[in-house]
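Written out below as structure tokens is the structure these notes cover.
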Amino acid sequence: MDFLVLDSQLRIIFQLFLAALLGGLVGLEREYQRRAAGLKTHSLVSLGSALFTIISLEAFEALSGKTGISFDPSRVVAAIVVGVGFIGAGLIILRSFRVEGLTTAAGIWVVAGVGVAVAFQFYLIAAFTAFLALMILTVLKSAEEKFLRNEEKKK
């Protein structure tokens with residue numbers, strides 16, 4: 001059984017650590033912006049997504065080829081997307097005709113994808129996605145404040 005092999009366990013530990021780290025980097029920006037879901041939430045969502053995906057892949061490998069067993073690891077990924085959507089929906093609030101929490105919810109959705117990417121060993125893609133999310137949250141926020149907020153003030 002592959003899950004008993006030390007190399008396999010070390011790979012999984014690395015994957016879990018990387019998923020938590022990348023999710024945490026995105027969450028750090030949300031924490032800096034003083035949002036409700038920050039470093040810990042983003043880290044945990046990415047970590048959990050990676051863990052569930054890894055468990056699914058390992059179970060699929062262990063059970064593949066056995067008669068009478070039907071198993072599809074992509075179902076777990078689909079369930080992660082839906083489950084994280086519920087978490088995100090809980091973050092979105094409508095206050096006085098303003099929507100709040102939408103960007104944080106989208107960030108949580110992205111870090112769930114980062115966790116899944118790490119679990120599938122797409123390390124470069126996961127790291128680039130986390131980097132891109134950080135750029136979107138920081139650079140686009142600055143551009144938005146500079147260009148769009150100035151237009152609102154002129155009106």
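Letters A, B, ... mark the chains of the structure tokens in the order given; residue numbers begin at 1 per chain; ligand numbers begin at 1, in order shown.
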Would you give me, as a Markdown table, each residue of segment 12-87 of chain A having an atom within 7 Å of an atom of segment 110-117 of chain A, along with its shortest atom pair and that distance in Å to one decimal, using only C-alpha atoms and sorting by chain and residue number?
```
| residue | atom | partner | partner_atom | distance |
| --- | --- | --- | --- | --- |
| A:Ala19 | CA | A:Gly115 | CA | 5.0 |
| A:Gly23 | CA | A:Val111 | CA | 5.2 |
| A:His42 | CA | A:Val111 | CA | 6.5 |
| A:Val45 | CA | A:Ala112 | CA | 5.7 |
| A:Ser46 | CA | A:Gly115 | CA | 4.4 |
| A:Leu47 | CA | A:Gly115 | CA | 6.0 |
| A:Ser49 | CA | A:Gly115 | CA | 5.1 |
| A:Ala50 | CA | A:Gly115 | CA | 4.3 |
| A:Thr53 | CA | A:Val116 | CA | 6.1 |
```
Residues of the last selection are to be written out with C-alpha atoms, as a PDB file, in the first residue's frame.
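Saved as out16.pdb:
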```pdb
ATOM      1  CA  ALA A  19      -1.099  24.591   0.309  1.00  0.00           C
ATOM      2  CA  GLY A  23      -3.351  30.157   1.035  1.00  0.00           C
ATOM      3  CA  HIS A  42      -7.440  31.322   3.820  1.00  0.00           C
ATOM      4  CA  VAL A  45      -9.424  26.553   3.250  1.00  0.00           C
ATOM      5  CA  SER A  46      -6.382  25.891   1.062  1.00  0.00           C
ATOM      6  CA  LEU A  47      -5.104  23.216   3.445  1.00  0.00           C
ATOM      7  CA  SER A  49      -8.944  21.542  -0.093  1.00  0.00           C
ATOM      8  CA  ALA A  50      -5.539  19.963  -0.548  1.00  0.00           C
ATOM      9  CA  THR A  53      -8.134  16.066  -2.756  1.00  0.00           C
TER      10      THR A  53
END
```
>> Would you pick out the contacts of Val26 of chain A at 7 Å or less, using only C-alpha atoms, so that residues sharing its chain but fewer than 4 positions from it are not included, and give the list as a count of residues only?
In response: 6
>> Using DSSP assignments from the backbone, pull out every residue in chain A that falls under strand (DSSP E) and give it to me as a list in words.
In response: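 Matching residues, listed in order: Ile93, Leu94, Arg95, Arg98, Val99 and Glu100 of chain A.
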Written selection (C-alpha atoms) as a tab-separated table (two decimals), in the first residue's frame:
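Result saved to out_19.tsv:
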```tsv
chain	number	residue	atom	x	y	z
A	93	ILE	CA	-23.26	41.03	3.22
A	94	LEU	CA	-25.55	43.66	1.71
A	95	ARG	CA	-25.44	46.90	3.71
A	98	ARG	CA	-23.40	48.14	-0.80
A	99	VAL	CA	-22.10	44.61	-1.17
A	100	GLU	CA	-19.36	43.73	1.33
```
> Taking only C-alpha atoms into account, which of A:Gln9, A:Ser56, A:Gln33, A:Thr129 comes nearest Thr104 of chain A?
Replying inline: A:Gln33
> When you draw a straight line from atom CA of Gln121 of chain A to atom CA of Val84 of chain A, how long is it in Å?
Replying inline: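 The value is 20.7 Å.
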>> Using DSSP secondary structure from the backbone, list all alpha helix (DSSP H) positions within chain A, as number ranges by chain.
In response: A: 6-32, 39-63, 74-91, 102-119, 123-143, 149-154
> Pick the closest to Thr41 of chain A from A:Phe71, A:Glu58, A:Leu28, A:Ala127: which is it, counting only C-alpha atoms?
Replying inline: A:Leu28
> Any idea what's packed within 7 Å of Gly27 of chain A, counting only C-alpha atoms, ignoring anything in its chain fewer than 5 positions away? Could you give it as a ChimeraX atom specification?
Replying inline: /A:38-39,42-43
